[in-house]
Each structure stands twice: as C-alpha cells, then as structure tokens.
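Reproduced below: start_20.txt, with compact mmCIF, N, CA and C atoms.
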```txt
# COMPACT_ATOMS: atom_id res chain seq x y z
N MET A 1 114.91 84.49 72.14
CA MET A 1 116.00 85.44 72.14
C MET A 1 115.69 86.59 73.10
N LEU A 2 114.43 86.98 73.18
CA LEU A 2 114.05 88.05 74.11
C LEU A 2 114.26 87.63 75.56
N ILE A 3 113.99 86.36 75.86
CA ILE A 3 114.22 85.86 77.22
C ILE A 3 115.72 85.86 77.52
N LEU A 4 116.53 85.46 76.56
CA LEU A 4 117.98 85.49 76.73
C LEU A 4 118.46 86.93 76.93
N LEU A 5 117.96 87.86 76.13
CA LEU A 5 118.33 89.27 76.27
C LEU A 5 117.97 89.79 77.65
N PHE A 6 116.75 89.51 78.09
CA PHE A 6 116.31 89.96 79.42
C PHE A 6 117.19 89.37 80.51
N THR A 7 117.49 88.08 80.41
CA THR A 7 118.34 87.41 81.40
C THR A 7 119.73 88.03 81.45
N LEU A 8 120.31 88.30 80.29
CA LEU A 8 121.63 88.92 80.25
C LEU A 8 121.62 90.34 80.82
N ILE A 9 120.55 91.08 80.60
CA ILE A 9 120.44 92.42 81.17
C ILE A 9 120.42 92.33 82.69
N VAL A 10 119.66 91.40 83.23
CA VAL A 10 119.59 91.23 84.69
C VAL A 10 120.96 90.84 85.24
N ILE A 11 121.63 89.89 84.60
CA ILE A 11 122.96 89.47 85.06
C ILE A 11 123.93 90.64 84.98
N TYR A 12 123.91 91.37 83.88
CA TYR A 12 124.81 92.50 83.69
C TYR A 12 124.60 93.57 84.77
N GLN A 13 123.35 93.83 85.11
CA GLN A 13 123.06 94.81 86.15
C GLN A 13 123.52 94.32 87.51
N LYS A 14 123.39 93.05 87.78
CA LYS A 14 123.82 92.50 89.07
C LYS A 14 125.35 92.51 89.19
N ILE A 15 126.03 92.26 88.09
CA ILE A 15 127.49 92.31 88.12
C ILE A 15 127.96 93.73 88.39
N GLY A 16 127.27 94.70 87.84
CA GLY A 16 127.60 96.11 88.08
C GLY A 16 128.75 96.61 87.23
N SER A 17 129.07 97.86 87.41
CA SER A 17 130.17 98.46 86.66
C SER A 17 131.48 98.27 87.41
N ALA A 18 132.56 98.40 86.70
CA ALA A 18 133.89 98.15 87.27
C ALA A 18 134.23 99.18 88.33
N GLU A 19 134.79 98.73 89.40
CA GLU A 19 135.28 99.60 90.46
C GLU A 19 136.69 100.06 90.11
N PRO A 20 137.09 101.26 90.55
CA PRO A 20 138.42 101.77 90.18
C PRO A 20 139.57 100.86 90.60
N GLY A 21 139.51 100.23 91.78
CA GLY A 21 140.61 99.41 92.25
C GLY A 21 140.40 97.92 92.03
N GLU A 22 139.52 97.57 91.12
CA GLU A 22 139.17 96.16 90.92
C GLU A 22 140.33 95.39 90.29
N ILE A 23 140.48 94.15 90.69
CA ILE A 23 141.50 93.28 90.13
C ILE A 23 141.14 92.97 88.68
N LYS A 24 142.13 93.04 87.79
CA LYS A 24 141.87 92.83 86.37
C LYS A 24 141.31 91.44 86.08
N GLY A 25 141.73 90.44 86.82
CA GLY A 25 141.25 89.09 86.60
C GLY A 25 139.76 88.97 86.84
N VAL A 26 139.24 89.69 87.83
CA VAL A 26 137.80 89.67 88.12
C VAL A 26 137.05 90.24 86.93
N PHE A 27 137.55 91.34 86.39
CA PHE A 27 136.90 91.95 85.23
C PHE A 27 136.95 91.01 84.03
N LEU A 28 138.13 90.46 83.76
CA LEU A 28 138.29 89.61 82.58
C LEU A 28 137.48 88.33 82.64
N LEU A 29 137.28 87.79 83.85
CA LEU A 29 136.59 86.51 83.96
C LEU A 29 135.09 86.63 84.23
N THR A 30 134.63 87.78 84.67
CA THR A 30 133.20 87.91 84.97
C THR A 30 132.51 88.97 84.11
N ARG A 31 132.98 90.18 84.19
CA ARG A 31 132.26 91.27 83.52
C ARG A 31 132.44 91.28 82.01
N LEU A 32 133.65 91.09 81.55
CA LEU A 32 133.91 91.17 80.12
C LEU A 32 133.10 90.16 79.30
N PRO A 33 133.06 88.88 79.68
CA PRO A 33 132.26 87.93 78.87
C PRO A 33 130.78 88.30 78.81
N PHE A 34 130.21 88.72 79.95
CA PHE A 34 128.79 89.09 79.93
C PHE A 34 128.56 90.38 79.15
N SER A 35 129.50 91.29 79.23
CA SER A 35 129.38 92.54 78.48
C SER A 35 129.38 92.29 76.98
N VAL A 36 130.32 91.47 76.52
CA VAL A 36 130.42 91.16 75.09
C VAL A 36 129.18 90.38 74.62
N TYR A 37 128.77 89.40 75.41
CA TYR A 37 127.61 88.58 75.04
C TYR A 37 126.34 89.42 75.01
N LEU A 38 126.18 90.32 75.98
CA LEU A 38 125.01 91.20 75.99
C LEU A 38 124.99 92.10 74.76
N GLY A 39 126.15 92.64 74.39
CA GLY A 39 126.22 93.47 73.18
C GLY A 39 125.85 92.68 71.94
N TRP A 40 126.38 91.47 71.85
CA TRP A 40 126.10 90.60 70.71
C TRP A 40 124.60 90.28 70.61
N ILE A 41 124.01 89.89 71.71
CA ILE A 41 122.59 89.51 71.71
C ILE A 41 121.70 90.73 71.46
N THR A 42 122.11 91.90 71.94
CA THR A 42 121.33 93.11 71.68
C THR A 42 121.25 93.40 70.19
N VAL A 43 122.40 93.38 69.52
CA VAL A 43 122.43 93.62 68.08
C VAL A 43 121.70 92.51 67.32
N ALA A 44 121.88 91.27 67.75
CA ALA A 44 121.19 90.15 67.10
C ALA A 44 119.68 90.26 67.27
N THR A 45 119.23 90.74 68.42
CA THR A 45 117.79 90.91 68.65
C THR A 45 117.23 91.98 67.72
N ILE A 46 117.96 93.08 67.56
CA ILE A 46 117.52 94.13 66.63
C ILE A 46 117.46 93.58 65.21
N ALA A 47 118.48 92.84 64.80
CA ALA A 47 118.51 92.27 63.45
C ALA A 47 117.40 91.24 63.24
N ASN A 48 117.20 90.37 64.22
CA ASN A 48 116.15 89.35 64.09
C ASN A 48 114.76 89.96 64.10
N THR A 49 114.56 90.99 64.89
CA THR A 49 113.26 91.68 64.90
C THR A 49 113.00 92.31 63.54
N THR A 50 114.01 92.94 62.98
CA THR A 50 113.87 93.54 61.64
C THR A 50 113.59 92.46 60.59
N ALA A 51 114.30 91.34 60.67
CA ALA A 51 114.06 90.24 59.72
C ALA A 51 112.64 89.70 59.85
N PHE A 52 112.16 89.57 61.08
CA PHE A 52 110.79 89.11 61.30
C PHE A 52 109.79 90.09 60.68
N LEU A 53 110.00 91.39 60.90
CA LEU A 53 109.08 92.39 60.35
C LEU A 53 109.09 92.39 58.83
N VAL A 54 110.24 92.16 58.22
CA VAL A 54 110.32 92.05 56.76
C VAL A 54 109.55 90.81 56.30
N ASN A 55 109.69 89.71 57.03
CA ASN A 55 109.02 88.46 56.68
C ASN A 55 107.50 88.58 56.71
N VAL A 56 106.98 89.37 57.65
CA VAL A 56 105.52 89.53 57.75
C VAL A 56 105.02 90.70 56.90
N LYS A 57 105.92 91.22 56.04
CA LYS A 57 105.56 92.30 55.09
C LYS A 57 105.09 93.57 55.78
N TRP A 58 105.74 93.92 56.90
CA TRP A 58 105.43 95.16 57.61
C TRP A 58 105.82 96.34 56.75
N ASP A 59 105.04 97.42 56.74
CA ASP A 59 105.27 98.53 55.81
C ASP A 59 106.26 99.59 56.31
N ARG A 60 106.86 99.42 57.48
CA ARG A 60 107.88 100.32 58.03
C ARG A 60 107.35 101.73 58.20
N PHE A 61 106.08 101.88 58.55
CA PHE A 61 105.45 103.20 58.71
C PHE A 61 105.56 104.04 57.43
N GLY A 62 105.67 103.37 56.29
CA GLY A 62 105.77 104.06 55.01
C GLY A 62 107.18 104.55 54.68
N LEU A 63 108.16 104.23 55.51
CA LEU A 63 109.54 104.66 55.26
C LEU A 63 110.23 103.70 54.29
N SER A 64 111.22 104.23 53.59
CA SER A 64 111.97 103.38 52.64
C SER A 64 112.85 102.41 53.42
N GLU A 65 113.32 101.39 52.73
CA GLU A 65 114.20 100.40 53.36
C GLU A 65 115.49 101.05 53.84
N SER A 66 116.01 101.99 53.06
CA SER A 66 117.25 102.67 53.44
C SER A 66 117.09 103.47 54.74
N ILE A 67 116.00 104.20 54.83
CA ILE A 67 115.75 105.00 56.04
C ILE A 67 115.55 104.07 57.23
N TRP A 68 114.83 102.98 57.05
CA TRP A 68 114.60 102.04 58.15
C TRP A 68 115.91 101.41 58.61
N THR A 69 116.80 101.11 57.67
CA THR A 69 118.11 100.57 58.02
C THR A 69 118.90 101.57 58.85
N ILE A 70 118.88 102.82 58.44
CA ILE A 70 119.57 103.87 59.20
C ILE A 70 119.00 103.99 60.60
N ILE A 71 117.69 103.90 60.74
CA ILE A 71 117.04 103.98 62.06
C ILE A 71 117.49 102.82 62.95
N MET A 72 117.54 101.61 62.40
CA MET A 72 117.95 100.45 63.20
C MET A 72 119.42 100.52 63.60
N ILE A 73 120.27 100.98 62.69
CA ILE A 73 121.68 101.16 63.04
C ILE A 73 121.82 102.24 64.11
N ALA A 74 121.07 103.32 63.96
CA ALA A 74 121.10 104.40 64.96
C ALA A 74 120.63 103.91 66.32
N ALA A 75 119.63 103.03 66.34
CA ALA A 75 119.15 102.47 67.61
C ALA A 75 120.24 101.65 68.28
N ALA A 76 120.95 100.84 67.51
CA ALA A 76 122.04 100.03 68.07
C ALA A 76 123.16 100.93 68.59
N VAL A 77 123.50 101.97 67.84
CA VAL A 77 124.55 102.91 68.28
C VAL A 77 124.11 103.66 69.53
N LEU A 78 122.86 104.06 69.60
CA LEU A 78 122.35 104.77 70.78
C LEU A 78 122.41 103.88 72.02
N ILE A 79 121.99 102.64 71.90
CA ILE A 79 122.06 101.71 73.03
C ILE A 79 123.51 101.54 73.47
N THR A 80 124.41 101.40 72.51
CA THR A 80 125.84 101.25 72.82
C THR A 80 126.37 102.48 73.56
N CYS A 81 126.04 103.66 73.07
CA CYS A 81 126.50 104.90 73.71
C CYS A 81 125.94 105.04 75.12
N LEU A 82 124.69 104.67 75.32
CA LEU A 82 124.10 104.75 76.66
C LEU A 82 124.81 103.82 77.64
N VAL A 83 125.14 102.61 77.20
CA VAL A 83 125.85 101.67 78.06
C VAL A 83 127.26 102.17 78.34
N ILE A 84 127.93 102.66 77.32
CA ILE A 84 129.29 103.18 77.51
C ILE A 84 129.26 104.34 78.50
N TYR A 85 128.33 105.24 78.35
CA TYR A 85 128.27 106.42 79.21
C TYR A 85 127.83 106.06 80.62
N SER A 86 126.80 105.27 80.76
CA SER A 86 126.25 105.00 82.09
C SER A 86 127.04 103.97 82.89
N LYS A 87 127.59 102.95 82.21
CA LYS A 87 128.29 101.87 82.90
C LYS A 87 129.81 101.95 82.74
N LYS A 88 130.29 102.89 81.94
CA LYS A 88 131.73 103.01 81.67
C LYS A 88 132.29 101.69 81.16
N ASP A 89 131.53 101.04 80.30
CA ASP A 89 131.90 99.71 79.82
C ASP A 89 131.99 99.71 78.30
```
Now, as a test, write the supplied structure out as structure tokens.
Amino acid sequence: MLILLFTLIVIYQKIGSAEPGEIKGVFLLTRLPFSVYLGWITVATIANTTAFLVNVKWDRFGLSESIWTIIMIAAAVLITCLVIYSKKD
C-alpha cells in the first residue's frame, strides 16, 4: 500500500494543479480520478497503519485510544487541508 501511495503521489504531482482555462474534460478524465484515488489511498494507509499498530500491541505513547483516534483523524484532515490549499484541488 505504501508503494501504491508513493506512486499515486508521483503521478498526482506530474499531473499538476488545474489551470484556469483548462478544458473540463481534461480535468474530469485525468486529474479527478487520480485526485480521488490518492485521497482514498491516503486515508486507507492511515487506517491500515493504525490497525497494524493495534495488532502488534503498540502502546500509543501512553495515550488513550480516544486521543489516538482524534490524532489520526486530525492527521487526515491536515493532509486534506494542505492539498486543498496548495493544489486548489
């Protein structure tokens, strides 16, 4: 999954952000699918990493499960906000 995430990040960066005068069909057929898939895989990677850490009985730096859940959700929201702000996507 990490290799897939890395590959999608590279593809997403190469596609670039939308140009003001870009044809809508180009956006819908190229950028939108990769953008949605990258978002999906990013959240899935965070969830799978958390599931793996729970499976190996990681102690979460002594934090409660509720606090750790809030931290992981905040990480996903932060990544989303950074992409929205930097790529206008």
Residue nearest Arg60 in chain A among A:Val43, A:Ser35, A:Leu29, A:Met72 (counting only C-alpha atoms): A:Met72
Hey, can you check how far atom N of Lys57 in chain A sits from atom C of Phe6 in chain A? 27.0 Å
Could you give me, as a PyMOL selection string, each residue of range 1-87 of chain A that DSSP assigns to alpha helix (DSSP H) when run on this structure's backbone? chain A and resi 2-15+24-26+32-55+65-87
Rounded to one decimal, what separation in Å do you get between CA of Leu82 in chain A and CA of Thr69 in chain A? 20.0 Å
CA of Tyr12 in chain A to CA of Gly25 in chain A, straight-line distance in Å: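 Separation between CA of Gly25 in chain A and CA of Tyr12 in chain A: 17.0 Å.
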Choose the residue, out of A:Val54, A:Ala44, A:Val10, A:Leu4, that has the smallest atom-to-atom separation from Ile73 in chain A; count only C-alpha atoms.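 Under the stated criterion, the closest residue is A:Ala44.
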Extract range 28-45 of chain A from the preceding block and save N, CA and C atoms as a CSV table (one decimal), in the first residue's frame.
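Written file, part_31.csv:
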```
chain,number,residue,atom,x,y,z
A,28,LEU,N,-11.8,16.1,-15.8
A,28,LEU,CA,-12.6,15.0,-15.4
A,28,LEU,C,-12.0,13.7,-15.8
A,29,LEU,N,-11.2,13.6,-16.8
A,29,LEU,CA,-10.7,12.3,-17.3
A,29,LEU,C,-9.3,12.0,-16.8
A,30,THR,N,-8.6,13.0,-16.3
A,30,THR,CA,-7.2,12.8,-15.8
A,30,THR,C,-7.0,13.1,-14.4
A,31,ARG,N,-7.3,14.4,-14.0
A,31,ARG,CA,-6.9,14.8,-12.7
A,31,ARG,C,-7.9,14.3,-11.6
A,32,LEU,N,-9.2,14.4,-11.9
A,32,LEU,CA,-10.2,14.0,-10.9
A,32,LEU,C,-10.0,12.5,-10.4
A,33,PRO,N,-9.9,11.5,-11.3
A,33,PRO,CA,-9.7,10.1,-10.9
A,33,PRO,C,-8.5,9.9,-10.0
A,34,PHE,N,-7.4,10.6,-10.4
A,34,PHE,CA,-6.2,10.4,-9.6
A,34,PHE,C,-6.3,11.1,-8.2
A,35,SER,N,-7.0,12.3,-8.2
A,35,SER,CA,-7.2,13.0,-7.0
A,35,SER,C,-8.0,12.2,-6.0
A,36,VAL,N,-9.1,11.6,-6.5
A,36,VAL,CA,-10.0,10.9,-5.6
A,36,VAL,C,-9.3,9.6,-5.1
A,37,TYR,N,-8.6,8.9,-6.0
A,37,TYR,CA,-7.9,7.7,-5.6
A,37,TYR,C,-6.8,8.0,-4.7
A,38,LEU,N,-6.0,9.1,-4.9
A,38,LEU,CA,-5.0,9.4,-3.9
A,38,LEU,C,-5.6,9.7,-2.5
A,39,GLY,N,-6.7,10.4,-2.5
A,39,GLY,CA,-7.3,10.7,-1.2
A,39,GLY,C,-7.8,9.4,-0.5
A,40,TRP,N,-8.3,8.5,-1.3
A,40,TRP,CA,-8.8,7.3,-0.7
A,40,TRP,C,-7.6,6.4,-0.2
A,41,ILE,N,-6.6,6.3,-0.9
A,41,ILE,CA,-5.4,5.5,-0.5
A,41,ILE,C,-4.7,6.2,0.7
A,42,THR,N,-4.7,7.5,0.7
A,42,THR,CA,-4.1,8.2,1.9
A,42,THR,C,-4.8,7.8,3.2
A,43,VAL,N,-6.1,8.0,3.2
A,43,VAL,CA,-6.9,7.6,4.3
A,43,VAL,C,-6.8,6.1,4.7
A,44,ALA,N,-6.8,5.3,3.6
A,44,ALA,CA,-6.7,3.8,3.9
A,44,ALA,C,-5.3,3.5,4.5
A,45,THR,N,-4.3,4.2,4.0
A,45,THR,CA,-2.9,4.0,4.6
A,45,THR,C,-2.9,4.3,6.1
```
